Amino acid sequence: MAARPAPYLEGLNPAQRQAVEALDGPVLMLAGAGTGKTKALTARIAHLLNSGRAFPSQILAVTFTNKAAREMKLRVGGYLGEAVEGMPWLGTFHSISAKLLRRHAELVGLKSSFTILDSDDQLRLLKQLIAATNIDEKRWPARLLAGIIDQWKNHAWTPEQVPAREASAFNNRGTEIYAAYQDRLKTLNACDFGDLLLHCIRIFQVHPDVLETYQTRFRYILVDEYQDTNIAQYLWLRLLAGGHKNICCVGDDDQSIYGWRGAEVGNILRFERDFPGATVVRLEQNYRSTPHILAAAGQVIAGNEGRLGKTLWTEAETGEKVRLIGHWDGEEEARWIGEQIEDLQRGTRGLAPFALNQMAILVRASHQMRAFEDRFLTIGLPYRVIGGPRFYERMEIRDAMAYFRLAVSPGDDLAFERVVNTPKRGLGSETQKKIQRIARVNGVPLVQGAAMAIEAGEIKGKGAAQLRRLIENIARWNHSVSGTFTPSTVSNDELIIDDEDVGVAARVFESGASAESHIELAEQILEESGYTEMWLNDKTPEAPGRLDNLKELVKALESFENIQGFLEHIALVMDNDSDGSVDKVSIMTLHGSKGLEFPVVFLPGWEDGLFPSQRSMDETGSKGLEEERRLAYVGITRAEQLCTISFAANRRVYGQWQAQMPSRFVDELPADHVDILTPPGLYGGGGMAATMAQSSVEDRAMRADAYNSPGWRRFQAAQSRPAAQPRQASKMVIDGTALPVFEEGARVFHTKFGYGRVASVDGDKLFVEFEKSGPRHIVARFVVPADQ
Ligand code: ATP
Ligand code: MG
């Protein structure tokens, strides 16, 4: 009698099993969305452990998000139960690199307590460096340089390695400022995201003994979403896999969506050359989506050239067609989606009720999120934003974190600058410049420069007293942090305040600090700094919300052992998904949705200029557009049962109304697999009519204008296309926009007169019998086709 297969092998199809069981040598799993690549990868980890091929510490698995890593850990744990002690190295390129770098920081001139900068810190630093050159920051903004440096780091170029062809970057000063930036980072004992990988690569290249240790240790390497690795990540992998060559990569060339960040889909195509003798496994059965959803996604992606091309099939029941709907504007789109979600939650539409956790809204640009957040707050629909403008990027959270960072590393100048005068301590920009000068002249961190400035009498009065208190506080917090902290990671030189220099801090240490829990300490820091009080005294409407957020922040600390660990987590895990157990709708970007799946998916904002993005449309060549199309493919294939695509005729982007055209991707959807829904604003209900009635005169004029805009007309045309197909003989063109031609007997709708039936046609004039308001002559473009 055959033994029952191990639980992780149950139900796998033969190709998946092959990928799981081919343990020796390189393996490439190349397959379309939802074919179980990630599932097979997870099973492979379980199999490696269960078969005794490797101890957990000998497995290195790279996932695309921290969330995916957590899920994988849970699954493997679930398969093997108590059987395995310890856990594999499972995480993103960044989190694994951070772990490696903490162990070997000194090899690249850092201390193991280095800070990981986020993009805000990075920009501030670059601004300072740009200001020190004579470049006009208005023409050459720091953000541009940050992007350039990121790209260079994605190519694994140190300042010396940036090729000559890049010499003209940033007004010919790019490489020079890049070098200065790296120097500053080193002085600050900090690194940015790109450095996490670059430093590791450097360590591996310069210290073969270290590389060999890890090559020997990691007997098995596994990589999910391989199509999105950039050159630096590729080098990093090749170095680590160079020993055993037991590397298993999975990916899908159609889902490569990070080209703009330097990802090279070529990596996946080159795999067999890089790793000769690789076993290549192709999976074709999709287990995620209904046939309609697959067909729609397949048709859209077919518009790209140079694909490897894959077959996908499913045994799933036909299910619902992909739904397509146009709206008057973005607000209405949000309102309609809110209503749909509530309906689906109640279980109307003949479908079983869906939990909020099973529904997601995937947007192209994070500015689209606001309309949904506003709407959902209004109707009390619980939601979580994953990625986008995140919790940890809010002002009060960043301020509070700057205080925590100072407590951990008083020499963190960026944090010091952020909060030295927040709350107000009477330290204007002149005083701050003085502090910076003294610090620079003496080659010490700002906090120490500040202490010296006080001693030297350069800062006087109330400001001096307050600054002194801040410095004393920082020293005391730092002392307390060490008490709640693994001692080995804090060296004494972290306590930069030296009583020989200034005499300010000496008293602090005499007073002694108790090692309270890190949560109490965090509260204490926010109180003693005056930060909580600042918001308590603030009378603006946002203040209570900010205080709530601060409470939330302290609560988030509970799941960490110390403040240091928390800061590390925040630097790496920017997705605010700690409340995964609560039932909420997810709002996230298409980019952030990679690898995920939801029974119900809404894809709003399918409009030219938004999706595909304006930038991709302006580009010469089709590279940008093809990447957007892959993003559309990723979006549609996240859906299991119900996928709804929508677009609006008008959208307010950064305060400006714009008339929008439906996305070219809408035109690429296969009519047989799509249901066109009736826009609520056009056909009565609260929608547009109500909005029109409430709006001001100018607003109405603007809206009326938008009615005549090409965007609106094309929107109408798109609306009518499939519905009108049977009775639509031809299209006539007005101002280059195709409009439907009506025939006798067609049912139509007019915003003022309601529904009616066409009695006769004379060119572009119709004679319509309106159901409520009687017969009228109407110009054809003022009506839209309606269902029979
Ligand atoms: P993506 O390209 O979007 O990352 P993927 O190829 O990684 O997709 P998975 O997320 O691993 O696909 O799997 C998609 C869904 O199909 C999951 O819900 C998974 O549990 C299910 N699945 C995969 N393989 C099987 C199988 N052999 N039997 C039943 N369900 C499966
Ligand atoms: Mg996957």
# chains A, B, ... in the order shown; residues from 1 in each chain; ligands from 1
$ residues_near_ligand --ligand "ligand 2" --cutoff "8 Å" --atoms "only C-alpha atoms and all ligand atoms" --output "number ranges by chain"
A: 33-34, 36-39, 224-225, 251, 594-596
$ residues_near_ligand --ligand "ligand 1" --cutoff "9 Å" --atoms "only C-alpha atoms and all ligand atoms" --output "PyMOL selection string"
chain A and resi 9-14+16-17+30-42+224-225+250-252+255+283+285-289+593-597+634+637-638+640
$ write_last_selection --atoms "C-alpha atoms" --output "CSV table (one decimal), in the first residue's frame"
chain,number,residue,atom,x,y,z
A,9,LEU,CA,2.4,17.4,-1.5
A,10,GLU,CA,-1.3,16.7,-1.3
A,11,GLY,CA,-3.2,18.0,-4.3
A,12,LEU,CA,-0.2,19.3,-6.2
A,13,ASN,CA,-0.3,18.6,-9.9
A,14,PRO,CA,2.5,16.7,-11.6
A,16,GLN,CA,4.2,21.3,-9.3
A,17,ARG,CA,5.4,18.1,-7.8
A,30,LEU,CA,8.1,29.9,-15.3
A,31,ALA,CA,4.4,30.2,-15.3
A,32,GLY,CA,1.4,32.5,-15.6
A,33,ALA,CA,-0.6,34.1,-12.8
A,34,GLY,CA,-2.4,31.9,-10.2
A,35,THR,CA,-0.8,28.7,-11.4
A,36,GLY,CA,0.5,27.9,-7.9
A,37,LYS,CA,4.1,29.0,-8.2
A,38,THR,CA,4.2,30.5,-4.7
A,39,LYS,CA,2.4,27.4,-3.4
A,40,ALA,CA,4.9,25.1,-5.0
A,41,LEU,CA,7.8,27.2,-3.6
A,42,THR,CA,6.4,27.0,-0.1
A,224,ASP,CA,9.7,34.3,-5.6
A,225,GLU,CA,8.7,36.9,-8.3
A,250,VAL,CA,9.9,31.3,-9.9
A,251,GLY,CA,8.3,34.0,-11.9
A,252,ASP,CA,6.2,35.2,-14.8
A,255,GLN,CA,4.1,40.2,-14.5
A,283,LEU,CA,2.7,25.3,-15.0
A,285,GLN,CA,-3.5,25.2,-14.7
A,286,ASN,CA,-4.8,28.3,-13.0
A,287,TYR,CA,-6.4,27.6,-9.7
A,288,ARG,CA,-7.4,31.2,-8.8
A,289,SER,CA,-9.8,32.8,-11.3
A,593,SER,CA,-1.0,43.7,-5.1
A,594,LYS,CA,1.6,41.4,-6.7
A,595,GLY,CA,1.3,37.8,-5.6
A,596,LEU,CA,-2.0,38.5,-3.7
A,597,GLU,CA,-5.5,37.2,-4.5
A,634,VAL,CA,-1.5,41.7,-12.7
A,637,THR,CA,-5.5,38.2,-12.3
A,638,ARG,CA,-5.7,39.1,-8.6
A,640,GLU,CA,-10.9,35.0,-8.1
$ closest_residue --among "A:Ile454, A:Ile231, A:Val761, A:Leu642" --to "Val265 of chain A" --atoms "only C-alpha atoms"
A:Ile231
$ residues_around --residues "segment 607-610 of chain A" --least-positions-apart "5" --cutoff "6 Å" --atoms "only C-alpha atoms" --output "CSV table (one decimal) with C-alpha atoms, in the first residue's frame"
chain,number,residue,atom,x,y,z
A,647,PHE,CA,-13.4,54.7,-15.3
A,661,MET,CA,-10.8,59.4,-21.7
A,662,PRO,CA,-11.5,55.7,-20.9
A,663,SER,CA,-8.3,53.8,-20.9
$ closest_residue --among "A:Val585, A:Leu49, A:Ala19, A:Leu669" --to "Ala6 of chain A" --atoms "only C-alpha atoms"
A:Leu49
